[in-house]
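Engineer: File name protein-v7.pdb; file contents PDB, C-alpha atoms; full text below.
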```
ATOM      1  CA  MET P   1     189.098  -8.611-108.441  1.00  0.00           C
ATOM      2  CA  LEU P   2     189.296 -11.731-106.299  1.00  0.00           C
ATOM      3  CA  SER P   3     188.668 -15.085-107.903  1.00  0.00           C
ATOM      4  CA  LYS P   4     185.877 -17.320-106.607  1.00  0.00           C
ATOM      5  CA  SER P   5     188.465 -19.484-104.871  1.00  0.00           C
ATOM      6  CA  ASP P   6     190.086 -16.454-103.219  1.00  0.00           C
ATOM      7  CA  ARG P   7     186.691 -15.186-102.059  1.00  0.00           C
ATOM      8  CA  THR P   8     185.919 -18.573-100.534  1.00  0.00           C
ATOM      9  CA  ARG P   9     189.263 -18.683 -98.742  1.00  0.00           C
ATOM     10  CA  LEU P  10     188.740 -15.166 -97.391  1.00  0.00           C
ATOM     11  CA  MET P  11     185.237 -16.044 -96.195  1.00  0.00           C
ATOM     12  CA  ILE P  12     186.559 -19.115 -94.358  1.00  0.00           C
ATOM     13  CA  ILE P  13     189.248 -17.012 -92.671  1.00  0.00           C
ATOM     14  CA  GLU P  14     186.814 -14.225 -91.716  1.00  0.00           C
ATOM     15  CA  LYS P  15     184.402 -16.727 -90.190  1.00  0.00           C
ATOM     16  CA  SER P  16     187.117 -18.774 -88.495  1.00  0.00           C
ATOM     17  CA  ALA P  17     189.120 -15.929 -86.926  1.00  0.00           C
ATOM     18  CA  PRO P  18     186.574 -15.135 -84.156  1.00  0.00           C
ATOM     19  CA  ILE P  19     186.203 -18.837 -83.365  1.00  0.00           C
ATOM     20  CA  PHE P  20     189.933 -19.397 -82.928  1.00  0.00           C
ATOM     21  CA  ASN P  21     190.156 -16.108 -81.036  1.00  0.00           C
ATOM     22  CA  LYS P  22     187.544 -17.279 -78.520  1.00  0.00           C
ATOM     23  CA  LYS P  23     188.080 -21.030 -78.327  1.00  0.00           C
ATOM     24  CA  GLY P  24     191.753 -21.347 -79.108  1.00  0.00           C
ATOM     25  CA  PHE P  25     193.390 -23.757 -81.531  1.00  0.00           C
ATOM     26  CA  ALA P  26     192.718 -26.953 -79.571  1.00  0.00           C
ATOM     27  CA  GLY P  27     189.171 -25.890 -78.692  1.00  0.00           C
ATOM     28  CA  THR P  28     188.203 -25.103 -82.289  1.00  0.00           C
ATOM     29  CA  SER P  29     186.925 -28.096 -84.208  1.00  0.00           C
ATOM     30  CA  LEU P  30     186.378 -28.636 -87.902  1.00  0.00           C
ATOM     31  CA  ASN P  31     182.655 -28.784 -87.158  1.00  0.00           C
ATOM     32  CA  ASP P  32     182.860 -25.262 -85.689  1.00  0.00           C
ATOM     33  CA  ILE P  33     184.328 -24.005 -88.973  1.00  0.00           C
ATOM     34  CA  ILE P  34     181.819 -25.968 -91.042  1.00  0.00           C
ATOM     35  CA  GLU P  35     178.917 -24.536 -89.029  1.00  0.00           C
ATOM     36  CA  ALA P  36     180.253 -20.968 -89.285  1.00  0.00           C
ATOM     37  CA  THR P  37     180.969 -21.096 -93.022  1.00  0.00           C
ATOM     38  CA  GLY P  38     178.131 -23.336 -94.199  1.00  0.00           C
ATOM     39  CA  LEU P  39     180.639 -25.341 -96.216  1.00  0.00           C
ATOM     40  CA  ALA P  40     181.121 -29.092 -96.236  1.00  0.00           C
ATOM     41  CA  LYS P  41     184.357 -30.693 -95.060  1.00  0.00           C
ATOM     42  CA  GLY P  42     185.527 -30.940 -98.669  1.00  0.00           C
ATOM     43  CA  GLY P  43     184.889 -27.236 -99.147  1.00  0.00           C
ATOM     44  CA  ILE P  44     187.168 -26.443 -96.215  1.00  0.00           C
ATOM     45  CA  TYR P  45     190.000 -28.790 -97.065  1.00  0.00           C
ATOM     46  CA  GLY P  46     189.702 -27.999-100.742  1.00  0.00           C
ATOM     47  CA  ASN P  47     190.953 -24.534 -99.845  1.00  0.00           C
ATOM     48  CA  PHE P  48     193.269 -25.225 -96.898  1.00  0.00           C
ATOM     49  CA  GLU P  49     195.687 -28.038 -96.221  1.00  0.00           C
ATOM     50  CA  ASN P  50     194.753 -28.425 -92.551  1.00  0.00           C
ATOM     51  CA  LYS P  51     193.408 -26.683 -89.444  1.00  0.00           C
ATOM     52  CA  GLU P  52     196.867 -25.312 -88.677  1.00  0.00           C
ATOM     53  CA  GLU P  53     196.877 -23.345 -91.926  1.00  0.00           C
ATOM     54  CA  ILE P  54     193.435 -21.907 -91.186  1.00  0.00           C
ATOM     55  CA  ALA P  55     194.532 -20.908 -87.688  1.00  0.00           C
ATOM     56  CA  ILE P  56     197.665 -19.151 -88.949  1.00  0.00           C
ATOM     57  CA  GLN P  57     195.803 -17.225 -91.618  1.00  0.00           C
ATOM     58  CA  SER P  58     193.022 -16.412 -89.148  1.00  0.00           C
ATOM     59  CA  PHE P  59     195.556 -14.824 -86.819  1.00  0.00           C
ATOM     60  CA  GLU P  60     197.151 -12.876 -89.671  1.00  0.00           C
ATOM     61  CA  PHE P  61     193.697 -11.652 -90.715  1.00  0.00           C
ATOM     62  CA  ALA P  62     192.829 -10.617 -87.147  1.00  0.00           C
ATOM     63  CA  PHE P  63     196.190  -8.947 -86.593  1.00  0.00           C
ATOM     64  CA  ASN P  64     195.948  -6.983 -89.851  1.00  0.00           C
ATOM     65  CA  ARG P  65     192.480  -5.789 -88.836  1.00  0.00           C
ATOM     66  CA  VAL P  66     193.884  -4.476 -85.557  1.00  0.00           C
ATOM     67  CA  VAL P  67     196.779  -2.735 -87.339  1.00  0.00           C
ATOM     68  CA  GLU P  68     194.389  -1.205 -89.869  1.00  0.00           C
ATOM     69  CA  GLU P  69     192.054   0.174 -87.195  1.00  0.00           C
ATOM     70  CA  ILE P  70     194.941   1.599 -85.168  1.00  0.00           C
ATOM     71  CA  SER P  71     196.284   3.220 -88.339  1.00  0.00           C
ATOM     72  CA  ILE P  72     192.901   4.854 -88.931  1.00  0.00           C
ATOM     73  CA  LYS P  73     193.057   6.290 -85.401  1.00  0.00           C
ATOM     74  CA  ILE P  74     196.570   7.717 -85.640  1.00  0.00           C
ATOM     75  CA  ARG P  75     196.630   8.864 -89.272  1.00  0.00           C
ATOM     76  CA  PRO P  76     194.830  12.204 -88.706  1.00  0.00           C
ATOM     77  CA  LYS P  77     197.139  13.152 -85.822  1.00  0.00           C
ATOM     78  CA  GLU P  78     199.958  15.498 -86.756  1.00  0.00           C
ATOM     79  CA  ASN P  79     201.847  15.532 -83.462  1.00  0.00           C
ATOM     80  CA  THR P  80     203.627  12.231 -82.890  1.00  0.00           C
ATOM     81  CA  VAL P  81     202.768  12.180 -79.185  1.00  0.00           C
ATOM     82  CA  ASP P  82     199.104  12.606 -80.087  1.00  0.00           C
ATOM     83  CA  LYS P  83     199.521   9.464 -82.177  1.00  0.00           C
ATOM     84  CA  LEU P  84     200.499   7.583 -79.011  1.00  0.00           C
ATOM     85  CA  LEU P  85     197.443   8.935 -77.232  1.00  0.00           C
ATOM     86  CA  ALA P  86     195.273   7.868 -80.180  1.00  0.00           C
ATOM     87  CA  ILE P  87     196.561   4.309 -79.769  1.00  0.00           C
ATOM     88  CA  LEU P  88     195.442   4.391 -76.138  1.00  0.00           C
ATOM     89  CA  GLU P  89     191.998   5.570 -77.218  1.00  0.00           C
ATOM     90  CA  TYR P  90     191.766   2.678 -79.666  1.00  0.00           C
ATOM     91  CA  TYR P  91     192.026   0.270 -76.728  1.00  0.00           C
ATOM     92  CA  ARG P  92     189.551   2.092 -74.472  1.00  0.00           C
ATOM     93  CA  ASN P  93     186.680  -0.272 -73.611  1.00  0.00           C
ATOM     94  CA  TYR P  94     188.331  -2.829 -75.893  1.00  0.00           C
ATOM     95  CA  THR P  95     187.060  -5.751 -73.827  1.00  0.00           C
ATOM     96  CA  LEU P  96     183.503  -4.592 -74.560  1.00  0.00           C
ATOM     97  CA  LYS P  97     183.991  -3.895 -78.279  1.00  0.00           C
ATOM     98  CA  PRO P  98     187.047  -5.752 -79.604  1.00  0.00           C
ATOM     99  CA  THR P  99     188.068  -5.601 -83.237  1.00  0.00           C
ATOM    100  CA  ILE P 100     187.683  -9.380 -83.472  1.00  0.00           C
ATOM    101  CA  ASP P 101     185.071 -11.103 -81.349  1.00  0.00           C
ATOM    102  CA  GLY P 102     186.754 -12.771 -78.393  1.00  0.00           C
ATOM    103  CA  GLY P 103     189.262 -10.084 -77.465  1.00  0.00           C
ATOM    104  CA  CYS P 104     192.838  -9.264 -78.382  1.00  0.00           C
ATOM    105  CA  PRO P 105     194.204 -11.740 -80.956  1.00  0.00           C
ATOM    106  CA  MET P 106     197.787 -11.091 -79.859  1.00  0.00           C
ATOM    107  CA  ILE P 107     196.987 -12.310 -76.363  1.00  0.00           C
ATOM    108  CA  ASN P 108     194.595 -15.094 -77.305  1.00  0.00           C
ATOM    109  CA  PHE P 109     196.541 -16.663 -80.150  1.00  0.00           C
ATOM    110  CA  GLY P 110     199.885 -16.080 -78.420  1.00  0.00           C
ATOM    111  CA  SER P 111     199.010 -17.735 -75.117  1.00  0.00           C
ATOM    112  CA  ASP P 112     197.138 -20.525 -76.861  1.00  0.00           C
ATOM    113  CA  ALA P 113     200.111 -21.398 -79.090  1.00  0.00           C
ATOM    114  CA  ASP P 114     202.830 -20.887 -76.493  1.00  0.00           C
ATOM    115  CA  ASP P 115     203.819 -24.549 -76.063  1.00  0.00           C
ATOM    116  CA  THR P 116     201.544 -26.450 -78.416  1.00  0.00           C
ATOM    117  CA  PHE P 117     201.853 -24.727 -81.808  1.00  0.00           C
ATOM    118  CA  PRO P 118     205.428 -23.445 -82.341  1.00  0.00           C
ATOM    119  CA  ARG P 119     204.804 -22.129 -85.863  1.00  0.00           C
ATOM    120  CA  LEU P 120     201.886 -19.965 -84.755  1.00  0.00           C
ATOM    121  CA  ARG P 121     203.893 -18.785 -81.757  1.00  0.00           C
ATOM    122  CA  GLU P 122     206.650 -17.595 -84.129  1.00  0.00           C
ATOM    123  CA  ILE P 123     204.124 -15.669 -86.218  1.00  0.00           C
ATOM    124  CA  VAL P 124     202.551 -14.033 -83.163  1.00  0.00           C
ATOM    125  CA  CYS P 125     206.021 -13.154 -81.880  1.00  0.00           C
ATOM    126  CA  ALA P 126     206.854 -11.463 -85.202  1.00  0.00           C
ATOM    127  CA  ALA P 127     203.564  -9.555 -85.085  1.00  0.00           C
ATOM    128  CA  MET P 128     204.295  -8.356 -81.559  1.00  0.00           C
ATOM    129  CA  GLU P 129     207.772  -7.297 -82.653  1.00  0.00           C
ATOM    130  CA  LYS P 130     206.155  -5.230 -85.408  1.00  0.00           C
ATOM    131  CA  MET P 131     203.843  -3.516 -82.920  1.00  0.00           C
ATOM    132  CA  LEU P 132     206.787  -2.639 -80.677  1.00  0.00           C
ATOM    133  CA  ASN P 133     208.897  -1.442 -83.617  1.00  0.00           C
ATOM    134  CA  ASP P 134     206.043   0.767 -84.804  1.00  0.00           C
ATOM    135  CA  LEU P 135     205.859   2.364 -81.350  1.00  0.00           C
ATOM    136  CA  VAL P 136     209.621   2.911 -81.347  1.00  0.00           C
ATOM    137  CA  HIS P 137     209.362   4.493 -84.813  1.00  0.00           C
ATOM    138  CA  ILE P 138     206.655   6.911 -83.617  1.00  0.00           C
ATOM    139  CA  ILE P 139     208.698   7.932 -80.584  1.00  0.00           C
ATOM    140  CA  GLU P 140     211.908   8.341 -82.599  1.00  0.00           C
ATOM    141  CA  ALA P 141     210.055  10.461 -85.151  1.00  0.00           C
ATOM    142  CA  GLY P 142     208.801  12.598 -82.279  1.00  0.00           C
ATOM    143  CA  LYS P 143     212.351  13.205 -81.109  1.00  0.00           C
ATOM    144  CA  LYS P 144     213.406  14.361 -84.575  1.00  0.00           C
ATOM    145  CA  ARG P 145     210.441  16.709 -84.709  1.00  0.00           C
ATOM    146  CA  LYS P 146     211.192  17.960 -81.183  1.00  0.00           C
ATOM    147  CA  GLU P 147     207.837  16.712 -79.928  1.00  0.00           C
ATOM    148  CA  VAL P 148     209.307  14.038 -77.630  1.00  0.00           C
ATOM    149  CA  LYS P 149     211.845  14.597 -74.869  1.00  0.00           C
ATOM    150  CA  PRO P 150     215.291  13.655 -76.196  1.00  0.00           C
ATOM    151  CA  ASN P 151     216.203  11.633 -73.098  1.00  0.00           C
ATOM    152  CA  VAL P 152     213.290   9.189 -73.537  1.00  0.00           C
ATOM    153  CA  ASP P 153     214.511   5.659 -74.263  1.00  0.00           C
ATOM    154  CA  SER P 154     212.288   4.717 -77.193  1.00  0.00           C
ATOM    155  CA  SER P 155     212.556   0.958 -76.764  1.00  0.00           C
ATOM    156  CA  THR P 156     211.846   1.060 -73.026  1.00  0.00           C
ATOM    157  CA  ALA P 157     208.906   3.427 -73.534  1.00  0.00           C
ATOM    158  CA  ALA P 158     207.463   1.155 -76.237  1.00  0.00           C
ATOM    159  CA  ASP P 159     207.831  -1.898 -73.988  1.00  0.00           C
ATOM    160  CA  LEU P 160     206.142  -0.088 -71.095  1.00  0.00           C
ATOM    161  CA  ILE P 161     203.212   1.141 -73.184  1.00  0.00           C
ATOM    162  CA  TYR P 162     202.583  -2.151 -74.924  1.00  0.00           C
ATOM    163  CA  SER P 163     203.030  -4.392 -71.870  1.00  0.00           C
ATOM    164  CA  ALA P 164     200.802  -2.129 -69.744  1.00  0.00           C
ATOM    165  CA  ILE P 165     198.046  -2.249 -72.368  1.00  0.00           C
ATOM    166  CA  ASN P 166     198.245  -6.012 -72.775  1.00  0.00           C
ATOM    167  CA  GLY P 167     198.471  -6.718 -69.065  1.00  0.00           C
ATOM    168  CA  SER P 168     195.405  -4.617 -68.333  1.00  0.00           C
ATOM    169  CA  LEU P 169     193.574  -6.255 -71.252  1.00  0.00           C
ATOM    170  CA  VAL P 170     194.136  -9.632 -69.608  1.00  0.00           C
ATOM    171  CA  MET P 171     192.973  -8.345 -66.214  1.00  0.00           C
ATOM    172  CA  SER P 172     189.872  -6.715 -67.675  1.00  0.00           C
ATOM    173  CA  LYS P 173     188.982  -9.887 -69.553  1.00  0.00           C
ATOM    174  CA  ILE P 174     189.337 -11.975 -66.389  1.00  0.00           C
ATOM    175  CA  PHE P 175     187.220  -9.528 -64.369  1.00  0.00           C
ATOM    176  CA  ASN P 176     184.816  -9.185 -67.308  1.00  0.00           C
ATOM    177  CA  ASN P 177     184.804  -5.385 -67.337  1.00  0.00           C
ATOM    178  CA  SER P 178     186.908  -2.566 -68.772  1.00  0.00           C
ATOM    179  CA  ARG P 179     187.603  -0.634 -65.565  1.00  0.00           C
ATOM    180  CA  LYS P 180     191.144  -1.882 -65.030  1.00  0.00           C
ATOM    181  CA  LEU P 181     191.972  -1.423 -68.712  1.00  0.00           C
ATOM    182  CA  ASN P 182     190.618   2.127 -68.840  1.00  0.00           C
ATOM    183  CA  ARG P 183     192.333   3.043 -65.589  1.00  0.00           C
ATOM    184  CA  MET P 184     195.661   1.900 -67.015  1.00  0.00           C
ATOM    185  CA  LEU P 185     195.004   3.834 -70.232  1.00  0.00           C
ATOM    186  CA  ASP P 186     194.377   6.963 -68.155  1.00  0.00           C
ATOM    187  CA  TRP P 187     197.649   6.392 -66.273  1.00  0.00           C
ATOM    188  CA  LEU P 188     199.551   5.866 -69.515  1.00  0.00           C
ATOM    189  CA  ALA P 189     198.079   9.037 -70.996  1.00  0.00           C
ATOM    190  CA  ASP P 190     199.215  11.037 -67.940  1.00  0.00           C
ATOM    191  CA  TRP P 191     202.654   9.396 -68.078  1.00  0.00           C
ATOM    192  CA  ILE P 192     203.049  10.207 -71.780  1.00  0.00           C
ATOM    193  CA  GLU P 193     202.088  13.837 -71.183  1.00  0.00           C
ATOM    194  CA  ALA P 194     204.479  14.171 -68.231  1.00  0.00           C
ATOM    195  CA  GLU P 195     207.441  11.998 -69.283  1.00  0.00           C
ATOM    196  CA  VAL P 196     207.342  11.761 -73.078  1.00  0.00           C
ATOM    197  CA  ARG P 197     205.870  14.916 -74.595  1.00  0.00           C
ATOM    198  CA  LEU P 198     208.303  17.801 -75.005  1.00  0.00           C
ATOM    199  CA  GLN P 199     206.327  20.919 -74.301  1.00  0.00           C
ATOM    200  CA  PRO P 200     206.958  23.856 -76.643  1.00  0.00           C
ATOM    201  CA  GLY P 201     209.667  26.146 -75.345  1.00  0.00           C
ATOM    202  CA  LYS P 202     211.041  23.598 -72.851  1.00  0.00           C
ATOM    203  CA  ARG P 203     214.438  21.978 -73.038  1.00  0.00           C
ATOM    204  CA  ILE P 204     215.717  18.881 -71.268  1.00  0.00           C
TER
END
```
Is it possible to express this structure as structure tokens?

Structural biologist:
Amino acid sequence: MLSKSDRTRLMIIEKSAPIFNKKGFAGTSLNDIIEATGLAKGGIYGNFENKEEIAIQSFEFAFNRVVEEISIKIRPKENTVDKLLAILEYYRNYTLKPTIDGGCPMINFGSDADDTFPRLREIVCAAMEKMLNDLVHIIEAGKKRKEVKPNVDSSTAADLIYSAINGSLVMSKIFNNSRKLNRMLDWLADWIEAEVRLQPGKRI
């Protein structure tokens, strides 16, 4: 059971995450947070030391939401390659229905903090490293289960999948539609089927 203070902190983070995700750190003002939460300035700074702390925890909240929703997608899949395909389906039409209003928090928080907020940049970098490592883990597990071709370089495949998704997310956001994103997801799905999945009875 969360304490009243913990519930207030969580509410501030939940309300602030979409604002930071859309406006960025510099573009988000204390008044934006006050308006979203309905709290006075003292209610905000009675729970957080500064705006930087709210931004960091907002990213962590948004990132954990993304991880949780991806996990829900892949958990029912038994074949490890099908787990990769489920990740692609999670991102389909993502620009129209993102997990956190404003789009992908990895892209938004990461680019926003690149040169102006080193601490947040470090946290986003660690989160991205986790996403890549999780992909590598899935692919390596697929090799052990003889569901992935043994000659697939897991790290390179993870980099390709993740960078292709994120690049097409940026393009789709700029063009304000999901066509380029979905087209890339279709290409990745075909590539995974052709270059990653080890078909039963086949040897490489």

Engineer: Counting all atoms listed in the file, which residue out of P:Leu85, P:Ile34, P:Ile44, P:Met1 sits closest to Asp190 (chain P)?

Structural biologist: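 Ranked by minimum distance to Asp190 (chain P), first place goes to P:Leu85.
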
Engineer: Write out as a VMD selection string the residues lying within 10 Å of region 173-189 of chain P, counting only C-alpha atoms and excluding same-chain residues fewer than 4 positions away.

Structural biologist: chain P and resid 81 to 82 84 to 89 91 to 96 102 to 104 160 to 161 164 to 169 193 to 196

Engineer: Can you work out the spacing between CA of Ser154 (chain P) and CA of Leu120 (chain P) in Å, to one decimal?

Structural biologist: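 Going from CA of Ser154 (chain P) over to CA of Leu120 (chain P), I get 27.8 Å.
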
Engineer: Would you kindly return, as a list in words, each protein, DNA or RNA residue with an atom no farther than 12 Å from any atom of Ala113 (chain P), considering all atoms listed in the file and excluding same-chain residues fewer than 2 positions away?

Structural biologist: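 That gives Phe20, Asn21, Gly24, Phe25, Ala26, Gly27, Glu52, Ala55, Ile56, Phe59, Pro105, Met106, Ile107, Asn108, Phe109, Gly110, Ser111, Asp115, Thr116, Phe117, Pro118, Arg119, Leu120, Arg121, Glu122, Ile123, Val124 and Cys125 of chain P.
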
Engineer: Evaluate the PyMOL selection byres ((chain P and resi 100) around 10) and record the selected residues as a PyMOL selection string, following the chain and residue labels used in the document.

Structural biologist: chain P and resi 14+17-19+21-22+61-63+65-66+97-99+101-105

Engineer: Of the candidates P:Ser58, P:Gln199, P:Asn64, P:Asn133, which shows the shortest atom-to-atom distance to Pro150 (chain P), using only C-alpha atoms?

Structural biologist: P:Gln199

Engineer: Of the candidates P:Leu198, P:Met11, P:Ile54, P:Ala40, which one gets nearest to Lys146 (chain P) if we count only C-alpha atoms?

Structural biologist: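 Of P:Leu198, P:Met11, P:Ile54, P:Ala40, the one nearest Lys146 (chain P) is P:Leu198, counting only C-alpha atoms.
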
Engineer: For the PyMOL selection byres ((chain P and resi 4-9) around 10), applied here, can you spell out every residue it catches as a list in words?

Structural biologist: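 Selection result, ordered by chain and number: Met1, Leu2, Ser3, Leu10, Met11, Ile12, Ile13, Glu14, Thr37, Leu39, Gly43, Ile44, Gly46, Asn47, Phe48, Ile54 and Gln57 of chain P.
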
Engineer: Selected residues, C-alpha atoms, written as a PDB file, in the frame of the given file, please.

Structural biologist:
```
ATOM      1  CA  MET P   1     189.098  -8.611-108.441  1.00  0.00           C
ATOM      2  CA  LEU P   2     189.296 -11.731-106.299  1.00  0.00           C
ATOM      3  CA  SER P   3     188.668 -15.085-107.903  1.00  0.00           C
ATOM      4  CA  LEU P  10     188.740 -15.166 -97.391  1.00  0.00           C
ATOM      5  CA  MET P  11     185.237 -16.044 -96.195  1.00  0.00           C
ATOM      6  CA  ILE P  12     186.559 -19.115 -94.358  1.00  0.00           C
ATOM      7  CA  ILE P  13     189.248 -17.012 -92.671  1.00  0.00           C
ATOM      8  CA  GLU P  14     186.814 -14.225 -91.716  1.00  0.00           C
ATOM      9  CA  THR P  37     180.969 -21.096 -93.022  1.00  0.00           C
ATOM     10  CA  LEU P  39     180.639 -25.341 -96.216  1.00  0.00           C
ATOM     11  CA  GLY P  43     184.889 -27.236 -99.147  1.00  0.00           C
ATOM     12  CA  ILE P  44     187.168 -26.443 -96.215  1.00  0.00           C
ATOM     13  CA  GLY P  46     189.702 -27.999-100.742  1.00  0.00           C
ATOM     14  CA  ASN P  47     190.953 -24.534 -99.845  1.00  0.00           C
ATOM     15  CA  PHE P  48     193.269 -25.225 -96.898  1.00  0.00           C
ATOM     16  CA  ILE P  54     193.435 -21.907 -91.186  1.00  0.00           C
ATOM     17  CA  GLN P  57     195.803 -17.225 -91.618  1.00  0.00           C
TER      18      GLN P  57
END
```

Engineer: Would you compute the distance between CA of Leu132 (chain P) and CA of Ser155 (chain P)? Give it in Å to one decimal.

Structural biologist: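 Taking CA of Leu132 (chain P) as the start and CA of Ser155 (chain P) as the end point, the length is 7.8 Å.
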
Engineer: Which of these, P:Thr156, P:Met171, P:Asp112, P:Val67, has the shortest distance to Met128 (chain P) once you count all atoms listed in the file?

Structural biologist: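 Smallest separation from Met128 (chain P) among the options: P:Val67.
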
Engineer: So what do you get for CA of Lys144 (chain P) versus CA of Ser163 (chain P), distance-wise?

Structural biologist: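 Between CA of Lys144 (chain P) and CA of Ser163 (chain P) the gap works out to 24.9 Å.
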
Engineer: I'd like to know which of P:Tyr45, P:Tyr90, P:Val148, P:Leu135 is closest to Glu69 (chain P), using only C-alpha atoms.

Structural biologist: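 Closest to Glu69 (chain P) of all the choices is P:Tyr90.
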
Engineer: I'd like the box whose edges run along x, y and z of the file and which contains every listed atom of region 123-126 of chain P, padded by 5 Å per side; could you state its centre and edge lengths in Å, one decimal, as JSON?

Structural biologist:
```
{"center_x": 204.7, "center_y": -13.6, "center_z": -84.0, "size_x": 14.3, "size_y": 14.2, "size_z": 14.3}
```

Engineer: Between P:Val170, P:Ile192, P:Ile139, P:Ala158, which residue has the minimum interatomic distance to Thr80 (chain P), considering only C-alpha atoms?

Structural biologist: P:Ile139

Engineer: With N, CA, C and O atoms as the target, complete region 161-175 of chain P and hand it back as a CSV table (one decimal), in the coordinates of the input.

Structural biologist:
```csv
chain,number,residue,atom,x,y,z
P,161,ILE,N,204.5,0.9,-72.7
P,161,ILE,CA,203.2,1.1,-73.2
P,161,ILE,C,202.5,-0.1,-73.6
P,161,ILE,O,201.4,-0.4,-73.2
P,162,TYR,N,203.2,-1.0,-74.4
P,162,TYR,CA,202.6,-2.2,-74.9
P,162,TYR,C,202.3,-3.2,-73.9
P,162,TYR,O,201.2,-3.8,-73.8
P,163,SER,N,203.3,-3.4,-72.9
P,163,SER,CA,203.0,-4.4,-71.9
P,163,SER,C,201.9,-3.9,-70.9
P,163,SER,O,201.1,-4.8,-70.4
P,164,ALA,N,201.9,-2.6,-70.6
P,164,ALA,CA,200.8,-2.1,-69.7
P,164,ALA,C,199.4,-2.3,-70.4
P,164,ALA,O,198.5,-2.7,-69.7
P,165,ILE,N,199.3,-2.1,-71.7
P,165,ILE,CA,198.0,-2.2,-72.4
P,165,ILE,C,197.7,-3.7,-72.3
P,165,ILE,O,196.5,-4.1,-72.0
P,166,ASN,N,198.6,-4.6,-72.7
P,166,ASN,CA,198.2,-6.0,-72.8
P,166,ASN,C,198.0,-6.6,-71.4
P,166,ASN,O,197.1,-7.4,-71.3
P,167,GLY,N,198.7,-6.2,-70.4
P,167,GLY,CA,198.5,-6.7,-69.1
P,167,GLY,C,197.1,-6.3,-68.6
P,167,GLY,O,196.4,-7.1,-68.0
P,168,SER,N,196.7,-5.1,-68.8
P,168,SER,CA,195.4,-4.6,-68.3
P,168,SER,C,194.3,-5.2,-69.2
P,168,SER,O,193.2,-5.4,-68.7
P,169,LEU,N,194.6,-5.5,-70.4
P,169,LEU,CA,193.6,-6.3,-71.3
P,169,LEU,C,193.3,-7.6,-70.6
P,169,LEU,O,192.1,-8.0,-70.6
P,170,VAL,N,194.3,-8.3,-70.2
P,170,VAL,CA,194.1,-9.6,-69.6
P,170,VAL,C,193.3,-9.5,-68.3
P,170,VAL,O,192.4,-10.3,-68.1
P,171,MET,N,193.7,-8.5,-67.5
P,171,MET,CA,193.0,-8.3,-66.2
P,171,MET,C,191.5,-8.0,-66.4
P,171,MET,O,190.6,-8.5,-65.8
P,172,SER,N,191.3,-7.1,-67.4
P,172,SER,CA,189.9,-6.7,-67.7
P,172,SER,C,189.0,-7.9,-68.2
P,172,SER,O,187.9,-8.0,-67.9
P,173,LYS,N,189.7,-8.7,-69.0
P,173,LYS,CA,189.0,-9.9,-69.6
P,173,LYS,C,188.6,-10.9,-68.4
P,173,LYS,O,187.5,-11.4,-68.4
P,174,ILE,N,189.6,-11.1,-67.5
P,174,ILE,CA,189.3,-12.0,-66.4
P,174,ILE,C,188.2,-11.4,-65.5
P,174,ILE,O,187.3,-12.2,-65.1
P,175,PHE,N,188.2,-10.1,-65.2
P,175,PHE,CA,187.2,-9.5,-64.4
P,175,PHE,C,185.9,-9.2,-65.1
P,175,PHE,O,184.9,-8.8,-64.5
```
